[in-house]
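The file work-v3.cif comes next; it holds mmCIF, C-alpha atoms.
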data_my_file
loop_
_atom_site.group_PDB
_atom_site.id
_atom_site.type_symbol
_atom_site.label_atom_id
_atom_site.label_comp_id
_atom_site.auth_asym_id
_atom_site.auth_seq_id
_atom_site.Cartn_x
_atom_site.Cartn_y
_atom_site.Cartn_z
ATOM 1 C CA MET A 1 -14.658 -6.360 42.430
ATOM 2 C CA ASP A 2 -12.367 -8.873 44.185
ATOM 3 C CA SER A 3 -13.439 -10.923 47.218
ATOM 4 C CA SER A 4 -11.975 -8.624 49.859
ATOM 5 C CA GLN A 5 -13.586 -5.573 48.264
ATOM 6 C CA ARG A 6 -16.883 -7.421 48.033
ATOM 7 C CA VAL A 7 -16.855 -8.272 51.760
ATOM 8 C CA ARG A 8 -16.042 -4.651 52.690
ATOM 9 C CA ALA A 9 -18.826 -3.398 50.446
ATOM 10 C CA ILE A 10 -21.373 -5.849 51.869
ATOM 11 C CA LEU A 11 -20.389 -4.910 55.435
ATOM 12 C CA SER A 12 -20.814 -1.230 54.606
ATOM 13 C CA PHE A 13 -24.226 -1.870 53.073
ATOM 14 C CA VAL A 14 -25.517 -4.031 55.961
ATOM 15 C CA HIS A 15 -24.357 -1.616 58.661
ATOM 16 C CA ALA A 16 -25.733 1.380 56.771
ATOM 17 C CA ALA A 17 -29.099 -0.352 56.362
ATOM 18 C CA ASP A 18 -29.243 -1.342 60.039
ATOM 19 C CA ALA A 19 -27.959 1.953 61.435
ATOM 20 C CA GLY A 20 -29.948 4.153 59.043
ATOM 21 C CA SER A 21 -27.069 6.310 57.824
ATOM 22 C CA PHE A 22 -23.611 6.184 56.286
ATOM 23 C CA ALA A 23 -22.215 8.178 59.215
ATOM 24 C CA ALA A 24 -23.457 5.656 61.784
ATOM 25 C CA ALA A 25 -22.112 2.755 59.707
ATOM 26 C CA ALA A 26 -18.769 4.555 59.419
ATOM 27 C CA ARG A 27 -18.498 4.818 63.208
ATOM 28 C CA ILE A 28 -19.180 1.100 63.601
ATOM 29 C CA LEU A 29 -16.638 0.152 60.924
ATOM 30 C CA ALA A 30 -14.073 2.788 61.969
ATOM 31 C CA ILE A 31 -13.841 4.251 58.478
ATOM 32 C CA SER A 32 -15.055 7.485 56.923
ATOM 33 C CA SER A 33 -18.594 8.170 55.729
ATOM 34 C CA ALA A 34 -17.191 8.747 52.266
ATOM 35 C CA ALA A 35 -15.636 5.277 52.307
ATOM 36 C CA VAL A 36 -18.977 3.706 53.291
ATOM 37 C CA SER A 37 -20.753 5.604 50.501
ATOM 38 C CA LYS A 38 -18.097 4.547 47.995
ATOM 39 C CA ASN A 39 -18.328 0.903 49.090
ATOM 40 C CA VAL A 40 -22.118 0.853 48.698
ATOM 41 C CA ALA A 41 -21.920 2.558 45.311
ATOM 42 C CA SER A 42 -19.341 -0.009 44.162
ATOM 43 C CA LEU A 43 -21.595 -2.828 45.319
ATOM 44 C CA GLU A 44 -24.555 -1.382 43.424
ATOM 45 C CA LYS A 45 -22.443 -1.021 40.292
ATOM 46 C CA ALA A 46 -21.242 -4.624 40.557
ATOM 47 C CA LEU A 47 -24.802 -5.886 41.036
ATOM 48 C CA GLY A 48 -26.296 -3.606 38.431
ATOM 49 C CA VAL A 49 -29.172 -2.476 40.705
ATOM 50 C CA ARG A 50 -29.819 0.334 43.142
ATOM 51 C CA LEU A 51 -29.943 -0.966 46.707
ATOM 52 C CA MET A 52 -30.707 2.285 48.526
ATOM 53 C CA ASN A 53 -32.399 5.587 47.815
ATOM 54 C CA ARG A 54 -30.479 8.337 49.583
ATOM 55 C CA THR A 55 -31.539 11.740 50.820
ATOM 56 C CA THR A 56 -29.573 14.130 52.987
ATOM 57 C CA ARG A 57 -31.251 12.685 56.085
ATOM 58 C CA THR A 58 -32.456 9.161 55.357
ATOM 59 C CA LEU A 59 -31.651 5.903 53.613
ATOM 60 C CA GLN A 60 -34.505 3.893 52.142
ATOM 61 C CA LEU A 61 -33.980 0.353 50.890
ATOM 62 C CA THR A 62 -35.309 -0.509 47.446
ATOM 63 C CA ASP A 63 -37.088 -3.834 46.953
ATOM 64 C CA GLU A 64 -33.852 -5.235 45.557
ATOM 65 C CA GLY A 65 -31.974 -3.804 48.533
ATOM 66 C CA ALA A 66 -34.311 -5.436 51.058
ATOM 67 C CA LEU A 67 -33.889 -8.811 49.344
ATOM 68 C CA PHE A 68 -30.127 -8.436 49.150
ATOM 69 C CA LEU A 69 -29.948 -7.396 52.833
ATOM 70 C CA GLN A 70 -31.659 -10.614 53.874
ATOM 71 C CA GLN A 71 -29.216 -12.742 51.899
ATOM 72 C CA ALA A 72 -26.208 -10.643 52.929
ATOM 73 C CA ARG A 73 -26.981 -11.238 56.610
ATOM 74 C CA ILE A 74 -27.059 -14.987 55.992
ATOM 75 C CA ALA A 75 -23.682 -14.792 54.236
ATOM 76 C CA LEU A 76 -22.080 -12.762 57.036
ATOM 77 C CA GLN A 77 -23.520 -15.102 59.668
ATOM 78 C CA ALA A 78 -21.983 -18.020 57.785
ATOM 79 C CA LEU A 79 -18.592 -16.307 57.924
ATOM 80 C CA ASP A 80 -18.978 -15.727 61.664
ATOM 81 C CA THR A 81 -19.966 -19.351 62.114
ATOM 82 C CA ALA A 82 -16.917 -20.578 60.213
ATOM 83 C CA VAL A 83 -14.660 -18.583 62.535
ATOM 84 C CA ASP A 84 -16.580 -19.738 65.634
ATOM 85 C CA THR A 85 -16.302 -23.363 64.550
ATOM 86 C CA VAL A 86 -12.531 -23.239 64.179
ATOM 87 C CA VAL A 87 -12.047 -21.345 67.442
ATOM 88 C CA SER A 88 -14.378 -23.629 69.401
ATOM 89 C CA GLN A 89 -12.530 -26.734 68.238
ATOM 90 C CA ARG A 90 -9.389 -25.272 69.734
ATOM 91 C CA ALA A 91 -10.663 -23.653 72.918
ATOM 92 C CA GLY A 92 -14.334 -24.513 73.341
ATOM 93 C CA PRO A 93 -17.371 -22.289 72.680
ATOM 94 C CA SER A 94 -16.721 -18.644 73.448
ATOM 95 C CA GLY A 95 -18.193 -15.219 72.887
ATOM 96 C CA ARG A 96 -21.292 -13.270 73.811
ATOM 97 C CA ILE A 97 -24.823 -14.680 73.711
ATOM 98 C CA ARG A 98 -27.658 -12.144 73.528
ATOM 99 C CA ILE A 99 -31.011 -13.460 74.777
ATOM 100 C CA SER A 100 -34.428 -11.805 74.865
ATOM 101 C CA THR A 101 -37.061 -13.255 77.188
ATOM 102 C CA SER A 102 -40.115 -12.221 79.165
ATOM 103 C CA THR A 103 -39.707 -10.848 82.661
ATOM 104 C CA ALA A 104 -41.629 -13.653 84.364
ATOM 105 C CA PHE A 105 -39.998 -16.584 82.578
ATOM 106 C CA GLY A 106 -36.581 -14.934 82.606
ATOM 107 C CA HIS A 107 -36.442 -14.360 86.348
ATOM 108 C CA GLY A 108 -38.294 -17.520 87.311
ATOM 109 C CA TYR A 109 -36.713 -20.097 85.013
ATOM 110 C CA LEU A 110 -33.875 -18.755 82.852
ATOM 111 C CA MET A 111 -31.828 -17.084 85.572
ATOM 112 C CA PRO A 112 -31.506 -20.253 87.713
ATOM 113 C CA GLN A 113 -29.935 -22.059 84.707
ATOM 114 C CA LEU A 114 -27.252 -19.485 83.901
ATOM 115 C CA PRO A 115 -24.745 -20.434 86.660
ATOM 116 C CA GLY A 116 -24.622 -24.009 85.355
ATOM 117 C CA LEU A 117 -24.327 -22.840 81.744
ATOM 118 C CA LEU A 118 -21.413 -20.526 82.546
ATOM 119 C CA ALA A 119 -19.730 -23.183 84.685
ATOM 120 C CA ARG A 120 -19.824 -25.633 81.776
ATOM 121 C CA TYR A 121 -18.741 -23.045 79.185
ATOM 122 C CA PRO A 122 -16.628 -20.465 81.032
ATOM 123 C CA GLU A 123 -15.638 -18.637 77.837
ATOM 124 C CA LEU A 124 -19.230 -17.575 77.182
ATOM 125 C CA SER A 125 -20.697 -14.269 78.287
ATOM 126 C CA ILE A 126 -24.459 -13.859 78.557
ATOM 127 C CA GLU A 127 -26.520 -10.735 77.943
ATOM 128 C CA VAL A 128 -30.221 -11.056 78.809
ATOM 129 C CA ASP A 129 -32.923 -8.494 78.060
ATOM 130 C CA PHE A 130 -36.090 -8.945 80.111
ATOM 131 C CA ASP A 131 -38.677 -7.500 77.774
ATOM 132 C CA ASP A 132 -42.252 -8.620 77.196
ATOM 133 C CA ARG A 133 -42.460 -7.045 73.740
ATOM 134 C CA ILE A 134 -41.952 -9.061 70.549
ATOM 135 C CA VAL A 135 -38.456 -8.281 69.299
ATOM 136 C CA ASP A 136 -37.022 -8.487 65.787
ATOM 137 C CA LEU A 137 -34.392 -11.103 66.524
ATOM 138 C CA VAL A 138 -32.226 -10.523 63.450
ATOM 139 C CA ARG A 139 -32.480 -6.752 63.190
ATOM 140 C CA GLU A 140 -31.893 -6.190 66.909
ATOM 141 C CA GLY A 141 -28.952 -8.549 67.066
ATOM 142 C CA TYR A 142 -30.232 -11.269 69.392
ATOM 143 C CA ASP A 143 -28.829 -14.778 69.160
ATOM 144 C CA LEU A 144 -31.992 -16.349 70.530
ATOM 145 C CA VAL A 145 -35.321 -15.408 72.054
ATOM 146 C CA ILE A 146 -37.586 -17.253 74.482
ATOM 147 C CA ARG A 147 -41.221 -16.596 73.621
ATOM 148 C CA GLY A 148 -44.547 -17.831 74.868
ATOM 149 C CA GLY A 149 -48.038 -17.938 73.424
ATOM 150 C CA SER A 150 -49.571 -19.076 70.182
ATOM 151 C CA ILE A 151 -46.383 -19.222 68.126
ATOM 152 C CA ALA A 152 -46.923 -18.330 64.477
ATOM 153 C CA ASP A 153 -44.945 -19.963 61.708
ATOM 154 C CA SER A 154 -41.913 -17.903 60.766
ATOM 155 C CA ALA A 155 -38.484 -18.107 59.192
ATOM 156 C CA LEU A 156 -37.058 -18.743 62.667
ATOM 157 C CA ILE A 157 -36.226 -22.156 64.091
ATOM 158 C CA SER A 158 -38.525 -22.921 67.062
ATOM 159 C CA ARG A 159 -37.525 -25.460 69.717
ATOM 160 C CA PRO A 160 -40.334 -26.234 72.188
ATOM 161 C CA ILE A 161 -39.638 -25.901 75.908
ATOM 162 C CA TYR A 162 -43.039 -26.874 77.289
ATOM 163 C CA ARG A 163 -46.740 -26.620 76.570
ATOM 164 C CA MET A 164 -48.359 -23.687 78.353
ATOM 165 C CA ILE A 165 -51.559 -24.865 80.077
ATOM 166 C CA PRO A 166 -53.742 -22.090 81.512
ATOM 167 C CA VAL A 167 -56.212 -22.973 84.266
ATOM 168 C CA LEU A 168 -58.956 -21.113 86.151
ATOM 169 C CA VAL A 169 -58.234 -20.631 89.848
ATOM 170 C CA ALA A 170 -59.767 -18.975 92.887
ATOM 171 C CA ALA A 171 -59.016 -18.808 96.609
ATOM 172 C CA PRO A 172 -61.134 -20.939 98.963
ATOM 173 C CA ALA A 173 -62.201 -17.769 100.793
ATOM 174 C CA TYR A 174 -63.537 -16.280 97.559
ATOM 175 C CA LEU A 175 -65.453 -19.433 96.671
ATOM 176 C CA GLU A 176 -66.870 -19.650 100.185
ATOM 177 C CA ARG A 177 -68.229 -16.130 99.832
ATOM 178 C CA TYR A 178 -69.360 -16.065 96.200
ATOM 179 C CA GLY A 179 -69.984 -19.713 95.393
ATOM 180 C CA ILE A 180 -68.588 -22.157 92.844
ATOM 181 C CA PRO A 181 -69.238 -21.488 89.142
ATOM 182 C CA LEU A 182 -70.811 -24.666 87.787
ATOM 183 C CA SER A 183 -70.663 -23.719 84.104
ATOM 184 C CA PRO A 184 -68.982 -21.041 81.961
ATOM 185 C CA ASP A 185 -72.258 -19.087 81.966
ATOM 186 C CA GLY A 186 -71.983 -18.906 85.738
ATOM 187 C CA LEU A 187 -68.958 -16.635 85.390
ATOM 188 C CA ASN A 188 -71.362 -13.795 84.587
ATOM 189 C CA GLU A 189 -72.217 -13.740 88.293
ATOM 190 C CA HIS A 190 -68.605 -13.700 89.459
ATOM 191 C CA ARG A 191 -65.781 -11.244 89.984
ATOM 192 C CA LEU A 192 -62.998 -11.914 87.468
ATOM 193 C CA ILE A 193 -59.327 -10.989 87.320
ATOM 194 C CA ALA A 194 -58.307 -10.201 83.737
ATOM 195 C CA ARG A 195 -54.810 -9.988 82.319
ATOM 196 C CA ARG A 196 -53.877 -7.416 79.719
ATOM 197 C CA PHE A 197 -51.238 -8.488 77.199
ATOM 198 C CA LEU A 198 -49.128 -6.593 74.681
ATOM 199 C CA GLY A 199 -50.940 -3.965 72.692
ATOM 200 C CA GLY A 200 -53.717 -3.698 75.268
ATOM 201 C CA ARG A 201 -55.247 -7.071 74.371
ATOM 202 C CA VAL A 202 -57.279 -8.911 77.021
ATOM 203 C CA ALA A 203 -57.529 -12.540 75.909
ATOM 204 C CA ASN A 204 -60.875 -14.330 76.079
ATOM 205 C CA TRP A 205 -61.242 -17.474 78.170
ATOM 206 C CA SER A 206 -62.143 -20.518 76.056
ATOM 207 C CA PHE A 207 -64.403 -23.376 77.103
ATOM 208 C CA ARG A 208 -65.552 -26.684 75.670
ATOM 209 C CA GLN A 209 -69.240 -27.019 74.907
ATOM 210 C CA ARG A 210 -71.180 -30.237 75.378
ATOM 211 C CA ASP A 211 -71.673 -30.518 71.596
ATOM 212 C CA GLY A 212 -67.900 -30.427 71.058
ATOM 213 C CA GLY A 213 -67.711 -26.773 70.070
ATOM 214 C CA ILE A 214 -65.723 -23.990 71.698
ATOM 215 C CA SER A 215 -67.232 -20.949 73.403
ATOM 216 C CA SER A 216 -65.489 -17.962 74.953
ATOM 217 C CA VAL A 217 -65.968 -15.498 77.795
ATOM 218 C CA ASP A 218 -64.606 -11.957 77.775
ATOM 219 C CA PRO A 219 -63.190 -11.547 81.322
ATOM 220 C CA SER A 220 -62.988 -7.768 80.985
ATOM 221 C CA ALA A 221 -66.793 -7.574 81.117
ATOM 222 C CA ASN A 222 -66.862 -8.625 84.796
ATOM 223 C CA ALA A 223 -63.269 -7.763 85.722
ATOM 224 C CA VAL A 224 -62.786 -6.358 89.178
ATOM 225 C CA LEU A 225 -59.083 -6.084 88.334
ATOM 226 C CA THR A 226 -57.131 -5.932 85.071
ATOM 227 C CA LEU A 227 -53.413 -6.598 85.491
ATOM 228 C CA THR A 228 -50.420 -6.999 83.204
ATOM 229 C CA THR A 229 -48.094 -9.450 84.976
ATOM 230 C CA PRO A 230 -48.739 -13.071 85.963
ATOM 231 C CA GLU A 231 -47.277 -12.437 89.415
ATOM 232 C CA SER A 232 -49.865 -9.751 90.135
ATOM 233 C CA VAL A 233 -52.686 -11.984 88.849
ATOM 234 C CA ILE A 234 -51.631 -14.781 91.219
ATOM 235 C CA GLN A 235 -51.332 -12.359 94.137
ATOM 236 C CA ALA A 236 -54.818 -10.985 93.483
ATOM 237 C CA ALA A 237 -56.324 -14.467 93.224
ATOM 238 C CA CYS A 238 -54.652 -15.598 96.454
ATOM 239 C CA SER A 239 -56.059 -12.493 98.145
ATOM 240 C CA GLY A 240 -59.565 -13.693 97.318
ATOM 241 C CA LEU A 241 -60.352 -10.891 94.877
ATOM 242 C CA GLY A 242 -61.798 -13.062 92.128
ATOM 243 C CA ILE A 243 -61.366 -15.885 89.618
ATOM 244 C CA ALA A 244 -58.235 -15.748 87.458
ATOM 245 C CA ARG A 245 -56.789 -17.552 84.471
ATOM 246 C CA ILE A 246 -53.077 -18.335 84.749
ATOM 247 C CA GLY A 247 -50.516 -20.872 83.551
ATOM 248 C CA VAL A 248 -50.596 -23.995 85.702
ATOM 249 C CA HIS A 249 -46.794 -24.047 86.018
ATOM 250 C CA LEU A 250 -46.912 -20.589 87.627
ATOM 251 C CA VAL A 251 -49.730 -21.384 90.018
ATOM 252 C CA TYR A 252 -48.817 -24.992 90.878
ATOM 253 C CA PRO A 253 -47.154 -24.131 94.241
ATOM 254 C CA CYS A 254 -50.359 -22.333 95.276
ATOM 255 C CA LEU A 255 -52.405 -25.397 94.317
ATOM 256 C CA LEU A 256 -50.142 -27.638 96.372
ATOM 257 C CA SER A 257 -50.387 -25.334 99.394
ATOM 258 C CA GLY A 258 -54.172 -25.016 99.102
ATOM 259 C CA GLU A 259 -54.064 -21.249 98.616
ATOM 260 C CA LEU A 260 -55.866 -21.699 95.302
ATOM 261 C CA GLN A 261 -58.219 -24.271 93.799
ATOM 262 C CA LEU A 262 -59.233 -25.090 90.245
ATOM 263 C CA VAL A 263 -62.680 -24.253 88.908
ATOM 264 C CA LEU A 264 -64.456 -25.314 85.719
ATOM 265 C CA GLN A 265 -61.605 -27.687 84.890
ATOM 266 C CA ASP A 266 -63.903 -30.044 82.963
ATOM 267 C CA TYR A 267 -65.062 -27.173 80.754
ATOM 268 C CA HIS A 268 -61.879 -25.197 80.344
ATOM 269 C CA HIS A 269 -60.236 -25.372 76.924
ATOM 270 C CA PRO A 270 -56.456 -24.862 77.331
ATOM 271 C CA GLU A 271 -55.880 -23.861 73.684
ATOM 272 C CA ASN A 272 -52.547 -24.280 71.908
ATOM 273 C CA TYR A 273 -49.944 -22.259 73.759
ATOM 274 C CA GLU A 274 -46.290 -23.113 74.137
ATOM 275 C CA MET A 275 -42.999 -21.657 75.267
ATOM 276 C CA VAL A 276 -40.189 -21.955 72.709
ATOM 277 C CA ILE A 277 -36.594 -21.007 72.052
ATOM 278 C CA GLN A 278 -36.249 -19.351 68.653
ATOM 279 C CA TYR A 279 -33.151 -18.537 66.640
ATOM 280 C CA PRO A 280 -32.405 -17.711 62.996
ATOM 281 C CA HIS A 281 -32.254 -20.460 60.433
ATOM 282 C CA ARG A 282 -28.587 -20.882 59.566
ATOM 283 C CA ALA A 283 -26.719 -23.430 57.521
ATOM 284 C CA LEU A 284 -24.039 -23.455 60.225
ATOM 285 C CA LEU A 285 -25.201 -22.467 63.700
ATOM 286 C CA PRO A 286 -22.423 -20.824 65.772
ATOM 287 C CA SER A 287 -21.192 -23.238 68.412
ATOM 288 C CA ARG A 288 -21.777 -20.677 71.184
ATOM 289 C CA VAL A 289 -25.465 -20.556 70.204
ATOM 290 C CA ARG A 290 -25.797 -24.289 69.661
ATOM 291 C CA VAL A 291 -24.394 -25.263 73.081
ATOM 292 C CA THR A 292 -26.500 -22.597 74.801
ATOM 293 C CA VAL A 293 -29.714 -23.819 73.176
ATOM 294 C CA ASP A 294 -28.920 -27.471 73.909
ATOM 295 C CA TYR A 295 -28.010 -26.740 77.535
ATOM 296 C CA LEU A 296 -31.130 -24.679 78.204
ATOM 297 C CA LEU A 297 -33.465 -27.224 76.591
ATOM 298 C CA GLU A 298 -31.982 -30.009 78.709
ATOM 299 C CA ALA A 299 -32.213 -27.883 81.858
ATOM 300 C CA PHE A 300 -35.817 -26.832 81.206
ATOM 301 C CA ALA A 301 -36.758 -30.466 80.519
ATOM 302 C CA ARG A 302 -35.669 -31.261 84.084
ATOM 303 C CA CYS A 303 -37.883 -28.525 85.587
ATOM 304 C CA SER A 304 -40.815 -30.638 86.773
ATOM 305 C CA GLU A 305 -42.929 -27.545 87.489
ATOM 306 C CA LEU A 306 -42.887 -26.717 83.770
ATOM 307 C CA HIS A 307 -44.342 -30.110 82.890
ATOM 308 C CA VAL A 308 -47.316 -30.598 85.202
ATOM 309 C CA PRO A 309 -49.285 -33.677 84.009
ATOM 310 C CA LEU A 310 -52.902 -32.811 83.259
ATOM 311 C CA ASP A 311 -54.116 -36.055 84.804
ATOM 312 C CA THR A 312 -52.843 -34.923 88.230
ATOM 313 C CA LEU A 313 -54.934 -31.767 88.362
ATOM 314 C CA GLY A 314 -58.162 -33.444 89.443
ATOM 315 C CA ARG A 315 -57.179 -33.365 93.106
ATOM 316 C CA PHE A 316 -57.023 -29.555 93.002
ATOM 317 C CA VAL A 317 -60.544 -29.056 91.642
ATOM 318 C CA VAL A 318 -62.807 -27.408 94.211
ATOM 319 C CA GLN A 319 -65.370 -29.777 95.697
ATOM 320 C CA ASP A 320 -69.091 -29.209 95.967
ATOM 321 C CA ASN A 321 -69.000 -28.971 99.749
ATOM 322 C CA LEU A 322 -68.563 -25.225 99.291
ATOM 323 C CA SER A 323 -71.623 -23.115 98.578
ATOM 324 C CA GLN A 324 -72.925 -23.135 95.010
ATOM 325 C CA ASP A 325 -73.443 -20.248 92.600
ATOM 326 C CA ARG A 326 -75.570 -17.540 94.156
#

Structure re-expressed in structure tokens:
Amino acid sequence: MDSSQRVRAILSFVHAADAGSFAAAARILAISSAAVSKNVASLEKALGVRLMNRTTRTLQLTDEGALFLQQARIALQALDTAVDTVVSQRAGPSGRIRISTSTAFGHGYLMPQLPGLLARYPELSIEVDFDDRIVDLVREGYDLVIRGGSIADSALISRPIYRMIPVLVAAPAYLERYGIPLSPDGLNEHRLIARRFLGGRVANWSFRQRDGGISSVDPSANAVLTLTTPESVIQAACSGLGIARIGVHLVYPCLLSGELQLVLQDYHHPENYEMVIQYPHRALLPSRVRVTVDYLLEAFARCSELHVPLDTLGRFVVQDNLSQDR
């Protein structure tokens, strides 16, 4: 099998694996289904292994096929990068960038940066999906994703944007009525606003113990409200409906205005959350992706509201001149 035949065969295999059928791959490649089938069969013969098990309705990768698919994607990405590199040297970075990000971060922080990015690199086009689910970056064809939380190790490159620092907040009117919680145990006597995350999970609130250990409180036990978006949590807290846990960068304007105050700040354990940009590990990163990542990281670094110093939060902690726990 010569080089050109090998590339055609690999393309047929990758598209068939991703699309789930020879017919779908044929439509993408603008060739016949028979040609896709022949290309895959030729590839299997050259490799000496079966890559796919076929039925009349489905394609199922073998173990060897799954391993080869992973490596084939890397090889095809390297080819794309080689082309991008040559083109960008002549005309600057160009092409489409597909980004997946959460609704809150996307609207609040990514969108304001896109005009500057497109002004600097006018040959780029940006496609953004606002989706709070965890996407498969490679399989779904994204160039980069912006994710927040406790980021697990993976084969993806992770570039940190900022550390996510959750805090406990309540409106002065709520604290005037129900009192100030003086310890994590005091939350049992309070109305809480819980947030439900992906998969129905309501995260516990973590606190430092005097002996250095960590304890937790399940907010759903005393939740007067359970909400799914940070915006709704902030709105509920500002309305005096209860105590909420929310990222300090999201609630900082409300702290500055006095609409909300911090509670249990000395006890609260912020845990290890961060917001990152992730993209596939590649020997040669396409220039359109590289300049986008670099631009966004620089822009986010200038967003002071994303980098609230912990040592400035003391002035927002509620004072004891309000009534105590009742």

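What the PyMOL selection byres ((chain A and resi 296) around 10) matches in the given file is Tyr109, Leu110, Gln113, Leu114, Gly116, Leu117, Ile161, Ile277, Val291, Thr292, Val293, Asp294, Tyr295, Leu297, Glu298, Ala299, Phe300, Ala301 and Arg302 of chain A.
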
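Across A:Ala104, A:Ile126, A:Ala19, A:Ile146, the tightest approach to Arg159 of chain A is made by A:Ile146 when counting all atoms listed in the file.
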
What do you get, as a PDB file with C-alpha atoms, in the frame of the given file, if you spell out every residue that the PyMOL selection byres ((chain A and resi 231) around 12) selects here?
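expr-v6.pdb, written as the output of this step:
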ATOM      1  CA  THR A 103     -39.707 -10.848  82.661  1.00  0.00           C
ATOM      2  CA  ALA A 104     -41.629 -13.653  84.364  1.00  0.00           C
ATOM      3  CA  PHE A 105     -39.998 -16.584  82.578  1.00  0.00           C
ATOM      4  CA  HIS A 107     -36.442 -14.360  86.348  1.00  0.00           C
ATOM      5  CA  GLY A 108     -38.294 -17.520  87.311  1.00  0.00           C
ATOM      6  CA  ARG A 195     -54.810  -9.988  82.319  1.00  0.00           C
ATOM      7  CA  LEU A 227     -53.413  -6.598  85.491  1.00  0.00           C
ATOM      8  CA  THR A 228     -50.420  -6.999  83.204  1.00  0.00           C
ATOM      9  CA  THR A 229     -48.094  -9.450  84.976  1.00  0.00           C
ATOM     10  CA  PRO A 230     -48.739 -13.071  85.963  1.00  0.00           C
ATOM     11  CA  SER A 232     -49.865  -9.751  90.135  1.00  0.00           C
ATOM     12  CA  VAL A 233     -52.686 -11.984  88.849  1.00  0.00           C
ATOM     13  CA  ILE A 234     -51.631 -14.781  91.219  1.00  0.00           C
ATOM     14  CA  GLN A 235     -51.332 -12.359  94.137  1.00  0.00           C
ATOM     15  CA  ALA A 236     -54.818 -10.985  93.483  1.00  0.00           C
ATOM     16  CA  ALA A 237     -56.324 -14.467  93.224  1.00  0.00           C
ATOM     17  CA  CYS A 238     -54.652 -15.598  96.454  1.00  0.00           C
ATOM     18  CA  ALA A 244     -58.235 -15.748  87.458  1.00  0.00           C
ATOM     19  CA  ARG A 245     -56.789 -17.552  84.471  1.00  0.00           C
ATOM     20  CA  ILE A 246     -53.077 -18.335  84.749  1.00  0.00           C
ATOM     21  CA  GLY A 247     -50.516 -20.872  83.551  1.00  0.00           C
ATOM     22  CA  LEU A 250     -46.912 -20.589  87.627  1.00  0.00           C
ATOM     23  CA  VAL A 251     -49.730 -21.384  90.018  1.00  0.00           C
ATOM     24  CA  CYS A 254     -50.359 -22.333  95.276  1.00  0.00           C
TER      25      CYS A 254
END

Which residues match the PyMOL selection byres ((chain A and resi 179-192) around 9) in the file above, as a CSV table (one decimal) with C-alpha atoms, in the coordinates of the input?
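selection.csv, freshly written:
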chain,number,residue,atom,x,y,z
A,174,TYR,CA,-63.5,-16.3,97.6
A,175,LEU,CA,-65.5,-19.4,96.7
A,176,GLU,CA,-66.9,-19.6,100.2
A,177,ARG,CA,-68.2,-16.1,99.8
A,178,TYR,CA,-69.4,-16.1,96.2
A,193,ILE,CA,-59.3,-11.0,87.3
A,194,ALA,CA,-58.3,-10.2,83.7
A,207,PHE,CA,-64.4,-23.4,77.1
A,215,SER,CA,-67.2,-20.9,73.4
A,216,SER,CA,-65.5,-18.0,75.0
A,217,VAL,CA,-66.0,-15.5,77.8
A,219,PRO,CA,-63.2,-11.5,81.3
A,220,SER,CA,-63.0,-7.8,81.0
A,221,ALA,CA,-66.8,-7.6,81.1
A,222,ASN,CA,-66.9,-8.6,84.8
A,223,ALA,CA,-63.3,-7.8,85.7
A,224,VAL,CA,-62.8,-6.4,89.2
A,225,LEU,CA,-59.1,-6.1,88.3
A,226,THR,CA,-57.1,-5.9,85.1
A,241,LEU,CA,-60.4,-10.9,94.9
A,242,GLY,CA,-61.8,-13.1,92.1
A,243,ILE,CA,-61.4,-15.9,89.6
A,244,ALA,CA,-58.2,-15.7,87.5
A,245,ARG,CA,-56.8,-17.6,84.5
A,263,VAL,CA,-62.7,-24.3,88.9
A,264,LEU,CA,-64.5,-25.3,85.7
A,267,TYR,CA,-65.1,-27.2,80.8
A,268,HIS,CA,-61.9,-25.2,80.3
A,318,VAL,CA,-62.8,-27.4,94.2
A,319,GLN,CA,-65.4,-29.8,95.7
A,320,ASP,CA,-69.1,-29.2,96.0
A,322,LEU,CA,-68.6,-25.2,99.3
A,323,SER,CA,-71.6,-23.1,98.6
A,324,GLN,CA,-72.9,-23.1,95.0
A,325,ASP,CA,-73.4,-20.2,92.6
A,326,ARG,CA,-75.6,-17.5,94.2

Which residue of A:Gly106, A:Gly20, A:Gly149, A:Pro166 approaches Val308 of chain A most closely, using only C-alpha atoms: A:Pro166

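Of the listed residues A:Asp266, A:Asp311, A:Glu123, A:Asp2, the one whose atoms come nearest to Arg210 of chain A is A:Asp266, with distances taken using all atoms listed in the file.
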
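Straight-line separation from atom CA of Ser4 of chain A to atom CA of Ala23 of chain A: 21.8 Å.
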
Two-atom distance - atom CA of Glu274 of chain A, atom CA of Gly95 of chain A (Å): 29.2 Å

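Residue nearest Leu255 of chain A, chosen from A:Thr312, A:Ser304, A:Asn204, A:Asn272 and counting only C-alpha atoms: A:Thr312.
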
Counting only C-alpha atoms, the option among A:Pro122, A:Gly148, A:Gly258, A:Gly212 closest to Arg163 of chain A: A:Gly148

From A:Ser42, A:Gln70, A:Ser33, A:Thr55, residue lying nearest Val14 of chain A [all atoms listed in the file]: A:Gln70
